[in-house]
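K.L.:
Got a file for you: model17.pdb, PDB, C-alpha atoms.
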ATOM      1  CA  MET A   1       0.000   0.000   0.000
ATOM      2  CA  SER A   2       1.376   3.437  -0.920
ATOM      3  CA  GLU A   3       2.031   6.134   1.657
ATOM      4  CA  ALA A   4      -0.630   8.274  -0.026
ATOM      5  CA  GLU A   5      -3.183   5.516   0.586
ATOM      6  CA  GLN A   6      -2.000   5.069   4.167
ATOM      7  CA  ARG A   7      -2.307   8.788   4.786
ATOM      8  CA  ALA A   8      -5.807   8.902   3.302
ATOM      9  CA  ILE A   9      -7.051   5.961   5.383
ATOM     10  CA  LEU A  10      -5.487   7.254   8.597
ATOM     11  CA  THR A  11      -6.995  10.699   7.955
ATOM     12  CA  VAL A  12     -10.425   9.134   7.449
ATOM     13  CA  ALA A  13      -9.997   7.196  10.702
ATOM     14  CA  LEU A  14      -9.119  10.314  12.692
ATOM     15  CA  MET A  15     -11.994  12.228  11.094
ATOM     16  CA  ALA A  16     -14.321   9.454  12.245
ATOM     17  CA  ALA A  17     -12.906   9.736  15.751
ATOM     18  CA  PHE A  18     -13.714  13.446  15.846
ATOM     19  CA  ALA A  19     -17.098  13.185  14.125
ATOM     20  CA  ASP A  20     -18.989  13.392  17.420
ATOM     21  CA  GLY A  21     -16.694  16.016  18.920
ATOM     22  CA  MET A  22     -14.957  13.534  21.229
ATOM     23  CA  ASN A  23     -16.331  15.204  24.341
ATOM     24  CA  ASP A  24     -14.579  12.904  26.809
ATOM     25  CA  GLU A  25     -11.303  14.621  27.657
ATOM     26  CA  ARG A  26      -9.731  11.318  28.683
ATOM     27  CA  GLU A  27     -10.492   9.878  25.256
ATOM     28  CA  ARG A  28      -9.170  12.950  23.507
ATOM     29  CA  ALA A  29      -5.953  12.771  25.537
ATOM     30  CA  ALA A  30      -5.565   9.079  24.713
ATOM     31  CA  VAL A  31      -5.994   9.730  20.975
ATOM     32  CA  GLU A  32      -3.516  12.610  21.074
ATOM     33  CA  LYS A  33      -0.981  10.426  22.869
ATOM     34  CA  LEU A  34      -1.255   7.484  20.501
ATOM     35  CA  VAL A  35      -0.888   9.453  17.260
ATOM     36  CA  GLY A  36       2.613  10.362  18.349
ATOM     37  CA  ASN A  37       3.441   6.668  18.317
ATOM     38  CA  LEU A  38       1.878   5.942  14.930
ATOM     39  CA  GLY A  39       3.704   6.636  11.748
ATOM     40  CA  SER A  40       6.294   5.480   9.289
ATOM     41  CA  PRO A  41       9.342   7.165   7.757
ATOM     42  CA  GLY A  42       7.138   8.896   5.211
ATOM     43  CA  LEU A  43       3.957   9.298   7.229
ATOM     44  CA  ASN A  44       3.638  11.635  10.208
ATOM     45  CA  ALA A  45       0.443  10.712  12.036
ATOM     46  CA  ALA A  46       0.889  13.517  14.560
ATOM     47  CA  ALA A  47       0.963  16.062  11.723
ATOM     48  CA  ILE A  48      -2.274  14.657  10.325
ATOM     49  CA  TYR A  49      -3.855  14.981  13.774
ATOM     50  CA  GLN A  50      -2.691  18.591  14.138
ATOM     51  CA  GLU A  51      -3.969  19.449  10.678
ATOM     52  CA  LEU A  52      -7.406  18.103  11.563
ATOM     53  CA  GLN A  53      -7.413  20.307  14.653
ATOM     54  CA  LEU A  54      -7.007  23.363  12.445
ATOM     55  CA  ARG A  55      -9.446  22.605   9.660
ATOM     56  CA  LYS A  56     -11.998  20.091   8.475
ATOM     57  CA  PRO A  57     -10.766  18.770   5.130
ATOM     58  CA  ASP A  58     -13.041  17.939   2.234
ATOM     59  CA  LEU A  59     -13.774  14.218   2.255
ATOM     60  CA  ALA A  60     -13.705  13.978  -1.523
ATOM     61  CA  GLU A  61     -10.151  15.349  -1.531
ATOM     62  CA  VAL A  62      -9.042  13.148   1.361
ATOM     63  CA  VAL A  63     -10.097   9.909  -0.353
ATOM     64  CA  LYS A  64      -8.739  10.702  -3.845
ATOM     65  CA  PRO A  65      -5.656   8.470  -3.382
ATOM     66  CA  LEU A  66      -7.940   5.500  -2.728
ATOM     67  CA  VAL A  67      -8.442   4.333  -6.291
ATOM     68  CA  THR A  68      -9.089   0.620  -5.810
ATOM     69  CA  PRO A  69     -12.306  -0.939  -4.490
ATOM     70  CA  GLN A  70     -10.267  -2.720  -1.808
ATOM     71  CA  SER A  71      -8.674   0.439  -0.416
ATOM     72  CA  ARG A  72     -12.001   2.273  -0.423
ATOM     73  CA  GLN A  73     -13.729  -0.577   1.367
ATOM     74  CA  LEU A  74     -10.908  -0.698   3.900
ATOM     75  CA  ALA A  75     -11.164   3.034   4.607
ATOM     76  CA  TYR A  76     -14.890   2.696   5.196
ATOM     77  CA  GLU A  77     -14.494  -0.354   7.439
ATOM     78  CA  MET A  78     -11.936   1.534   9.498
ATOM     79  CA  ALA A  79     -14.255   4.496   9.950
ATOM     80  CA  VAL A  80     -17.094   2.170  10.930
ATOM     81  CA  GLY A  81     -14.846   0.517  13.503
ATOM     82  CA  VAL A  82     -13.834   3.839  15.021
ATOM     83  CA  ALA A  83     -17.445   5.023  15.163
ATOM     84  CA  HIS A  84     -18.548   1.781  16.832
ATOM     85  CA  ALA A  85     -15.599   1.474  19.218
ATOM     86  CA  ASP A  86     -17.648   2.650  22.199
ATOM     87  CA  GLY A  87     -20.513   0.290  21.404
ATOM     88  CA  GLY A  88     -22.725   2.423  19.189
ATOM     89  CA  THR A  89     -22.888   5.419  16.879
ATOM     90  CA  SER A  90     -24.144   8.913  17.528
ATOM     91  CA  ALA A  91     -26.190  10.887  15.020
ATOM     92  CA  ALA A  92     -23.053  12.845  14.078
ATOM     93  CA  GLU A  93     -21.076   9.641  13.520
ATOM     94  CA  ALA A  94     -23.863   8.136  11.408
ATOM     95  CA  ALA A  95     -23.959  11.300   9.299
ATOM     96  CA  PHE A  96     -20.190  11.147   8.821
ATOM     97  CA  LEU A  97     -20.352   7.516   7.723
ATOM     98  CA  ALA A  98     -23.087   8.342   5.209
ATOM     99  CA  SER A  99     -20.997  11.198   3.793
ATOM    100  CA  LEU A 100     -17.939   8.966   3.642
ATOM    101  CA  ALA A 101     -19.808   6.227   1.783
ATOM    102  CA  GLY A 102     -20.850   8.832  -0.761
ATOM    103  CA  ALA A 103     -17.335  10.237  -1.151
ATOM    104  CA  LEU A 104     -15.979   6.715  -1.635
ATOM    105  CA  ALA A 105     -18.760   5.843  -4.108
ATOM    106  CA  LEU A 106     -19.280   2.732  -2.010
ATOM    107  CA  PRO A 107     -22.248   0.582  -3.036
ATOM    108  CA  ALA A 108     -25.040   0.779  -0.472
ATOM    109  CA  PRO A 109     -25.091  -2.999   0.195
ATOM    110  CA  ALA A 110     -21.355  -2.992   0.992
ATOM    111  CA  ALA A 111     -21.674  -0.003   3.311
ATOM    112  CA  GLN A 112     -24.652  -1.505   5.105
ATOM    113  CA  ALA A 113     -22.920  -4.863   5.483
ATOM    114  CA  SER A 114     -19.983  -3.196   7.249
ATOM    115  CA  ILE A 115     -22.294  -1.411   9.667
ATOM    116  CA  GLN A 116     -24.316  -4.545  10.377
ATOM    117  CA  ALA A 117     -21.146  -6.541  11.072
ATOM    118  CA  ALA A 118     -19.880  -3.839  13.429
ATOM    119  CA  ASN A 119     -23.221  -3.679  15.240
ATOM    120  CA  ALA A 120     -23.235  -7.450  15.709
ATOM    121  CA  VAL A 121     -19.758  -7.447  17.237
ATOM    122  CA  THR A 122     -19.796  -4.289  19.349
ATOM    123  CA  THR A 123     -23.289  -4.581  20.845
ATOM    124  CA  THR A 124     -22.977  -8.172  22.062
ATOM    125  CA  PRO A 125     -24.300  -8.166  25.665
ATOM    126  CA  MET A 126     -21.697  -8.652  28.389
ATOM    127  CA  ALA A 127     -23.987 -11.030  30.247
ATOM    128  CA  ALA A 128     -27.017 -13.049  29.264
ATOM    129  CA  ALA A 129     -28.560 -12.576  32.699
ATOM    130  CA  ALA A 130     -27.928 -10.721  35.934
ATOM    131  CA  PRO A 131     -25.820 -12.570  38.501
ATOM    132  CA  ALA A 132     -27.739 -14.502  41.140
ATOM    133  CA  PRO A 133     -28.177 -12.644  44.458
ATOM    134  CA  GLY A 134     -26.626 -13.840  47.692
ATOM    135  CA  VAL A 135     -23.225 -14.257  49.275
ATOM    136  CA  ARG A 136     -20.500 -15.254  46.842
ATOM    137  CA  ALA A 137     -17.620 -17.559  47.550
ATOM    138  CA  ALA A 138     -14.120 -16.158  47.107
ATOM    139  CA  PRO A 139     -13.087 -16.464  43.452
ATOM    140  CA  ASP A 140     -10.755 -19.287  42.527
ATOM    141  CA  ALA A 141      -7.382 -17.640  41.895
ATOM    142  CA  ALA A 142      -6.226 -20.233  39.386
ATOM    143  CA  ALA A 143      -9.495 -20.016  37.471
ATOM    144  CA  LEU A 144      -9.231 -16.224  37.277
ATOM    145  CA  ASP A 145      -5.644 -16.469  36.061
ATOM    146  CA  GLN A 146      -6.765 -18.828  33.317
ATOM    147  CA  THR A 147      -9.673 -16.556  32.365
ATOM    148  CA  ILE A 148      -7.341 -13.582  32.007
ATOM    149  CA  HIS A 149      -4.728 -15.578  30.099
ATOM    150  CA  SER A 150      -7.302 -17.059  27.731
ATOM    151  CA  ALA A 151      -8.782 -13.632  26.963
ATOM    152  CA  ALA A 152      -5.302 -12.259  26.287
ATOM    153  CA  ILE A 153      -4.489 -15.182  23.969
ATOM    154  CA  THR A 154      -7.741 -14.694  22.042
ATOM    155  CA  ASN A 155      -7.164 -10.971  21.580
ATOM    156  CA  ALA A 156      -3.572 -11.565  20.497
ATOM    157  CA  ALA A 157      -4.876 -14.118  17.987
ATOM    158  CA  LEU A 158      -7.437 -11.638  16.657
ATOM    159  CA  GLU A 159      -4.648  -9.146  16.087
ATOM    160  CA  LEU A 160      -2.888 -11.668  13.850
ATOM    161  CA  LEU A 161      -5.870 -11.771  11.506
ATOM    162  CA  PRO A 162      -5.772  -9.291   8.627
ATOM    163  CA  GLU A 163      -9.478  -8.431   8.600
ATOM    164  CA  SER A 164     -10.497  -5.148  10.241
ATOM    165  CA  LEU A 165     -13.501  -6.852  11.847
ATOM    166  CA  ALA A 166     -11.112  -8.986  13.919
ATOM    167  CA  SER A 167      -9.654  -5.912  15.616
ATOM    168  CA  MET A 168     -13.170  -4.666  16.285
ATOM    169  CA  ALA A 169     -13.812  -7.644  18.572
ATOM    170  CA  ILE A 170     -10.878  -6.937  20.902
ATOM    171  CA  ILE A 171     -12.540  -4.138  22.878
ATOM    172  CA  PRO A 172     -15.812  -6.016  23.556
ATOM    173  CA  LEU A 173     -13.756  -8.988  24.746
ATOM    174  CA  GLN A 174     -11.762  -6.759  27.090
ATOM    175  CA  MET A 175     -14.971  -5.250  28.450
ATOM    176  CA  LYS A 176     -16.404  -8.722  28.920
ATOM    177  CA  LEU A 177     -13.266  -9.714  30.845
ATOM    178  CA  VAL A 178     -13.583  -6.777  33.251
ATOM    179  CA  TYR A 179     -17.265  -7.558  33.680
ATOM    180  CA  ARG A 180     -16.562 -11.191  34.551
ATOM    181  CA  ILE A 181     -13.856 -10.244  37.053
ATOM    182  CA  GLY A 182     -16.111  -7.718  38.763
ATOM    183  CA  GLN A 183     -18.898 -10.265  38.840
ATOM    184  CA  ALA A 184     -16.563 -12.845  40.391
ATOM    185  CA  TYR A 185     -16.037 -10.463  43.315
ATOM    186  CA  GLY A 186     -19.743  -9.784  43.719
ATOM    187  CA  TYR A 187     -20.166  -6.563  41.765
ATOM    188  CA  GLU A 188     -22.936  -6.008  39.240
ATOM    189  CA  LEU A 189     -21.532  -3.881  36.443
ATOM    190  CA  ASP A 190     -22.942  -2.360  33.290
ATOM    191  CA  GLY A 191     -21.345  -1.226  30.082
ATOM    192  CA  ASN A 192     -20.880   2.357  31.215
ATOM    193  CA  SER A 193     -19.084   1.400  34.420
ATOM    194  CA  VAL A 194     -16.731  -0.881  32.490
ATOM    195  CA  LYS A 195     -16.007   1.838  29.916
ATOM    196  CA  ASP A 196     -15.296   4.279  32.719
ATOM    197  CA  PHE A 197     -12.902   1.802  34.327
ATOM    198  CA  LEU A 198     -10.978   1.428  31.064
ATOM    199  CA  ALA A 199     -10.911   5.187  30.518
ATOM    200  CA  THR A 200      -9.536   5.710  34.028
ATOM    201  CA  LEU A 201      -6.591   3.498  33.100
ATOM    202  CA  GLY A 202      -6.043   5.524  29.939
ATOM    203  CA  VAL A 203      -7.406   2.709  27.770
ATOM    204  CA  GLY A 204      -9.868   4.809  25.778
ATOM    205  CA  LEU A 205     -12.070   2.762  23.480
ATOM    206  CA  THR A 206     -11.735   4.917  20.387
ATOM    207  CA  ALA A 207      -8.034   5.471  21.006
ATOM    208  CA  GLN A 208      -7.379   1.770  21.477
ATOM    209  CA  TYR A 209      -9.159   0.805  18.258
ATOM    210  CA  LEU A 210      -7.266   3.485  16.368
ATOM    211  CA  GLU A 211      -4.012   2.138  17.763
ATOM    212  CA  GLN A 212      -4.848  -1.449  16.835
ATOM    213  CA  PHE A 213      -5.802  -0.438  13.334
ATOM    214  CA  GLY A 214      -2.855   1.929  12.947
ATOM    215  CA  ARG A 215      -0.383  -0.823  13.770
ATOM    216  CA  LYS A 216      -1.991  -3.068  11.161
ATOM    217  CA  LEU A 217      -2.221  -0.342   8.533
ATOM    218  CA  LEU A 218       1.336   0.911   8.865
ATOM    219  CA  GLY A 219       2.738  -2.570   9.358
ATOM    220  CA  GLY A 220       1.131  -3.857   6.175
ATOM    221  CA  LEU A 221      -1.033  -6.404   7.948
ATOM    222  CA  LEU A 222      -4.494  -5.673   6.621
ATOM    223  CA  GLY A 223      -6.290  -8.179   4.448
ATOM    224  CA  GLY A 224      -7.602  -7.541   0.969
ATOM    225  CA  ILE A 225      -4.594  -5.317   0.333
ATOM    226  CA  ALA A 226      -1.747  -6.677   2.400
ATOM    227  CA  GLY A 227      -2.548 -10.401   2.570
ATOM    228  CA  GLY A 228      -3.216 -12.819   5.371
ATOM    229  CA  ILE A 229      -1.413 -14.633   8.157
ATOM    230  CA  GLY A 230       2.246 -15.058   7.352
ATOM    231  CA  ARG A 231       2.891 -11.579   5.930
ATOM    232  CA  SER A 232       5.077  -9.040   7.768
ATOM    233  CA  LEU A 233       5.689 -11.478  10.585
ATOM    234  CA  GLY A 234       7.796  -9.114  12.675
ATOM    235  CA  ASN A 235       5.095  -6.450  12.674
ATOM    236  CA  GLN A 236       2.409  -9.035  13.305
ATOM    237  CA  ALA A 237       4.258 -10.343  16.337
ATOM    238  CA  ALA A 238       4.620  -6.841  17.772
ATOM    239  CA  SER A 239       0.971  -6.013  17.157
ATOM    240  CA  SER A 240      -0.227  -9.310  18.583
ATOM    241  CA  GLY A 241       2.061  -8.932  21.578
ATOM    242  CA  MET A 242       0.536  -5.565  22.399
ATOM    243  CA  ALA A 243      -2.956  -7.051  22.270
ATOM    244  CA  TYR A 244      -1.869  -9.786  24.670
ATOM    245  CA  ALA A 245      -0.174  -7.299  26.993
ATOM    246  CA  SER A 246      -3.000  -4.777  27.174
ATOM    247  CA  THR A 247      -5.619  -7.468  27.804
ATOM    248  CA  TRP A 248      -3.576  -9.329  30.419
ATOM    249  CA  ALA A 249      -2.634  -6.139  32.284
ATOM    250  CA  LEU A 250      -6.231  -4.923  32.160
ATOM    251  CA  GLY A 251      -7.437  -8.191  33.674
ATOM    252  CA  GLN A 252      -4.850  -8.143  36.431
ATOM    253  CA  VAL A 253      -5.500  -4.550  37.486
ATOM    254  CA  ALA A 254      -9.267  -5.199  37.395
ATOM    255  CA  ARG A 255      -8.642  -8.139  39.688
ATOM    256  CA  GLN A 256      -6.746  -5.917  42.145
ATOM    257  CA  TYR A 257      -9.451  -3.273  41.985
ATOM    258  CA  TYR A 258     -12.462  -5.491  42.630
ATOM    259  CA  ALA A 259     -10.673  -7.781  45.088
ATOM    260  CA  GLY A 260      -9.806  -4.679  47.113
ATOM    261  CA  GLY A 261     -13.384  -3.461  47.269
ATOM    262  CA  ARG A 262     -12.964  -0.782  44.590
ATOM    263  CA  THR A 263     -10.931   1.396  46.940
ATOM    264  CA  LEU A 264      -8.078   2.221  44.557
ATOM    265  CA  ASP A 265      -8.367   5.742  43.167
ATOM    266  CA  ALA A 266      -7.564   6.735  39.590
ATOM    267  CA  ASP A 267      -3.915   7.544  40.281
ATOM    268  CA  LYS A 268      -3.301   4.217  42.025
ATOM    269  CA  LEU A 269      -5.048   2.313  39.250
ATOM    270  CA  ARG A 270      -2.879   3.918  36.594
ATOM    271  CA  ALA A 271       0.228   3.370  38.734
ATOM    272  CA  ALA A 272      -0.625  -0.337  38.961
ATOM    273  CA  PHE A 273      -1.456  -0.683  35.266
ATOM    274  CA  GLY A 274       1.859   0.591  33.867
ATOM    275  CA  PRO A 275       4.169  -2.021  35.458
ATOM    276  CA  LEU A 276       1.688  -4.799  34.658
ATOM    277  CA  LEU A 277       1.668  -3.729  31.020
ATOM    278  CA  ASP A 278       5.466  -3.792  30.926
ATOM    279  CA  GLN A 279       5.494  -7.247  32.492
ATOM    280  CA  ALA A 280       2.943  -8.540  30.004
ATOM    281  CA  ARG A 281       4.926  -7.259  27.019
ATOM    282  CA  GLU A 282       7.728  -9.604  28.017
ATOM    283  CA  MET A 283       5.295 -12.475  28.579
ATOM    284  CA  GLY A 284       3.589 -12.368  25.187
ATOM    285  CA  THR A 285       6.472 -13.910  23.253
ATOM    286  CA  ARG A 286       6.273 -17.056  25.384
ATOM    287  CA  TYR A 287       2.862 -17.873  23.993
ATOM    288  CA  ALA A 288       3.448 -17.259  20.273
ATOM    289  CA  GLY A 289       2.610 -20.854  19.401
ATOM    290  CA  GLU A 290      -0.589 -20.856  21.446
ATOM    291  CA  ILE A 291      -1.612 -17.553  19.886
ATOM    292  CA  GLN A 292      -1.037 -18.870  16.370
ATOM    293  CA  GLN A 293      -3.091 -21.971  17.141
ATOM    294  CA  ARG A 294      -5.962 -19.871  18.520
ATOM    295  CA  ALA A 295      -5.894 -17.668  15.404
ATOM    296  CA  GLN A 296      -6.436 -20.715  13.222
ATOM    297  CA  THR A 297      -9.628 -21.591  15.126
ATOM    298  CA  ILE A 298     -11.373 -18.206  14.990
ATOM    299  CA  ASP A 299     -14.378 -17.985  12.669
ATOM    300  CA  LEU A 300     -14.828 -14.340  11.708
ATOM    301  CA  LYS A 301     -18.429 -14.997  10.723
ATOM    302  CA  ASN A 302     -19.146 -16.071  14.289
ATOM    303  CA  LEU A 303     -17.477 -13.301  16.294
ATOM    304  CA  PRO A 304     -20.640 -12.330  18.227
ATOM    305  CA  ALA A 305     -20.878 -15.909  19.487
ATOM    306  CA  LEU A 306     -17.185 -15.826  20.445
ATOM    307  CA  ILE A 307     -17.738 -12.687  22.497
ATOM    308  CA  GLY A 308     -20.926 -14.062  24.008
ATOM    309  CA  LYS A 309     -19.181 -17.202  25.226
ATOM    310  CA  ALA A 310     -16.156 -15.343  26.650
TER     311      ALA A 310
END
Please go through the file and, once you have read it, give me the structure as structure tokens.
P.N.:
Amino acid sequence: MSEAEQRAILTVALMAAFADGMNDERERAAVEKLVGNLGSPGLNAAAIYQELQLRKPDLAEVVKPLVTPQSRQLAYEMAVGVAHADGGTSAAEAAFLASLAGALALPAPAAQASIQAANAVTTTPMAAAAPAPGVRAAPDAAALDQTIHSAAITNAALELLPESLASMAIIPLQMKLVYRIGQAYGYELDGNSVKDFLATLGVGLTAQYLEQFGRKLLGGLLGGIAGGIGRSLGNQAASSGMAYASTWALGQVARQYYAGGRTLDADKLRAAFGPLLDQAREMGTRYAGEIQQRAQTIDLKNLPALIGKA
């Protein structure tokens, strides 16, 4: 993929992120931080971000470098993923997606299929039913360790897959993990409380999806254009390792938080998360074989069921 195409797709992604104004300051800060880490020798993501702060570019001009059906479809899928990262789309985001589909001359069935797939993945309920009332036994430590490890392996496997829909499933699986850990310690959570927990750690939903996609885009890992498993193995390993690390660290800090009666404040949570993330980065390489095996078992057509069973 050319740098002009990369720039166009990344610009579209950031425009989607700002379509609803990004009113959450924590999310805005997370996006601003990550763009400094995205880029390639010929592509300055931070400069694109700064340019978007100054003016709203014309979509038709932005997408001109996207001349193939594959690159146009990819740009639209990325925007859909960003818009759905927090579990749904606002009116402003829906309007942006409609304008983008028009600028890309995307057939209506293709555009609608992308939105339907995103809805199916990102709105999967965290629990089929409320937890039963009553006194709960102390969670089994080994079982919780396995739950966290398995979620991290699955998310790392998803990051190996070239399809953009695979990355879209990582955030719901992380939310489901936090939900299950809180439930294990007797807390009834909802989607908003889980999102707030992630945001407190600096794991903004929109920012995280942008980061996942950016690593794939700039590392040449995306399907349809860049090929499937086996391409750009070094970049794939780094991207997959980050998915493992972020999920594992998130699970461990959630465990500390709920086991301690939710007494840790925001500063202490962030202080705990950083070292756990560093530890997990070193751990991910140990499980490369397990991650590869899990990737081979994932059915992209059945991602909602995968999330539902997590």
K.L.:
Would you translate the PyMOL selection byres ((chain A and resi 123) around 12) into the concrete set of residues it matches in this file, as a PyMOL selection string?
P.N.:
chain A and resi 84-89+115-122+124-127+168-169+171-173+175-176+191+303-305+307-308
K.L.:
Residue by residue, what does the PyMOL selection byres ((chain A and resi 240-247) around 10) grab here? Present the result as a count of residues only.
P.N.:
55
K.L.:
In Å, rounded to a single decimal, give me how far atom CA of Ser71 of chain A is from atom CA of Phe213 of chain A.
P.N.:
14.1 Å
K.L.:
Please report the interatomic distance between atom CA of Leu54 of chain A and atom CA of Leu14 of chain A in Å with one decimal.
P.N.:
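These two atoms are separated by 13.2 Å.
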K.L.:
Rank nothing, just name the residue among A:Glu211, A:Leu306, A:Thr200, A:Ala94 nearest to Leu264 of chain A, using only C-alpha atoms.
P.N.:
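Answer, going by the shortest atom-to-atom distance: A:Thr200.
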K.L.:
Excluding segment 268-271 of chain A and its own-chain neighbours fewer than 6 positions away, which residues fall within 9 Å of it when counting all atoms listed in the file? Please give them as a PyMOL selection string.
P.N.:
chain A and resi 200-202+253-254+256-257
K.L.:
So which residues touch segment 59-63 of chain A within 7 Å, counting all atoms listed in the file, skipping near sequence neighbours fewer than 4 positions away, as a list in words?
P.N.:
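After dropping sequence-adjacent residues, the list is Ala8, Leu100, Ala103 and Leu104 of chain A.
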K.L.:
Using all atoms listed in the file, find the one residue out of A:Leu300, A:Glu3, A:Ala101, A:Arg262 that sits nearest to Gly186 of chain A.
P.N.:
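Among A:Leu300, A:Glu3, A:Ala101, A:Arg262, it is A:Arg262 that comes nearest to Gly186 of chain A.
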K.L.:
Determine, counting only C-alpha atoms, which protein, DNA and RNA residues have an atom within 12 Å of an atom of Ala16 of chain A; residues of the same chain fewer than 6 positions away are not included. Present the result as a PyMOL selection string.
P.N.:
chain A and resi 9-10+22+49+52+56+59+75-85+89-90+92-100+206-207+209-210
K.L.:
Please list as a list in words every residue within 8 Å of Leu189 of chain A, counting only C-alpha atoms and excluding residues in the same chain fewer than 6 positions away.
P.N.:
Tyr179, Gly182 and Gln183 of chain A
K.L.:
Those same residues - C-alpha atoms - I'd like them written as a CSV table (one decimal), in the coordinates of the input.
P.N.:
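File written: selection-v3.csv
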chain,number,residue,atom,x,y,z
A,179,TYR,CA,-17.3,-7.6,33.7
A,182,GLY,CA,-16.1,-7.7,38.8
A,183,GLN,CA,-18.9,-10.3,38.8
K.L.:
So, with only C-alpha atoms as the atoms that count, which of A:Glu290, A:Gln296, A:Arg180, A:Gln53 lies closest to Ala310 of chain A?
P.N.:
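The closest residue to Ala310 of chain A is A:Arg180.
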K.L.:
Do you have the atom CA of Met1 of chain A-atom CA of Leu66 of chain A distance handy?
P.N.:
10.0 Å
K.L.:
Can you list, as a list in words, every protein, DNA or RNA residue that comes within 12 Å of Gln50 of chain A when you count all atoms listed in the file, leaving out same-chain residues fewer than 3 positions away?
P.N.:
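In the requested form, the answer reads Thr11, Leu14, Met15, Val31, Glu32, Val35, Gly36, Asn44, Ala45, Ala46, Ala47, Gln53, Leu54, Arg55 and Lys56 of chain A.
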K.L.:
Which of these, A:Arg28, A:Gln73, A:Gln6, A:Ala143, has the shortest distance to Ala108 of chain A once you count all atoms listed in the file?
P.N.:
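Closest candidate: A:Gln73.
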K.L.:
Would you mind putting N, CA and C atoms back on segment 86-100 of chain A and writing the result as a compact mmCIF listing (two decimals), in the coordinates of the input?
P.N.:
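This is the output file result-v5.txt:
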# COMPACT_ATOMS: atom_id res chain seq x y z
N ASP A 86 -17.05 2.53 20.86
CA ASP A 86 -17.65 2.65 22.20
C ASP A 86 -19.00 1.95 22.30
N GLY A 87 -19.31 1.11 21.32
CA GLY A 87 -20.51 0.29 21.40
C GLY A 87 -21.70 0.78 20.61
N GLY A 88 -21.60 1.91 19.97
CA GLY A 88 -22.72 2.42 19.19
C GLY A 88 -22.31 3.68 18.45
N THR A 89 -23.20 4.21 17.63
CA THR A 89 -22.89 5.42 16.88
C THR A 89 -23.85 6.54 17.24
N SER A 90 -23.31 7.74 17.31
CA SER A 90 -24.14 8.91 17.53
C SER A 90 -24.71 9.38 16.19
N ALA A 91 -25.62 10.34 16.25
CA ALA A 91 -26.19 10.89 15.02
C ALA A 91 -25.10 11.52 14.17
N ALA A 92 -24.14 12.20 14.82
CA ALA A 92 -23.05 12.84 14.08
C ALA A 92 -22.16 11.81 13.41
N GLU A 93 -21.90 10.70 14.11
CA GLU A 93 -21.08 9.64 13.52
C GLU A 93 -21.79 8.97 12.35
N ALA A 94 -23.10 8.73 12.50
CA ALA A 94 -23.86 8.14 11.41
C ALA A 94 -23.87 9.04 10.19
N ALA A 95 -23.98 10.35 10.42
CA ALA A 95 -23.96 11.30 9.30
C ALA A 95 -22.60 11.29 8.61
N PHE A 96 -21.53 11.20 9.41
CA PHE A 96 -20.19 11.15 8.82
C PHE A 96 -20.02 9.89 7.97
N LEU A 97 -20.48 8.76 8.47
CA LEU A 97 -20.35 7.52 7.72
C LEU A 97 -21.13 7.58 6.41
N ALA A 98 -22.30 8.20 6.44
CA ALA A 98 -23.09 8.34 5.21
C ALA A 98 -22.35 9.22 4.20
N SER A 99 -21.76 10.31 4.68
CA SER A 99 -21.00 11.20 3.79
C SER A 99 -19.78 10.48 3.24
N LEU A 100 -19.13 9.70 4.08
CA LEU A 100 -17.94 8.97 3.64
C LEU A 100 -18.29 7.93 2.57
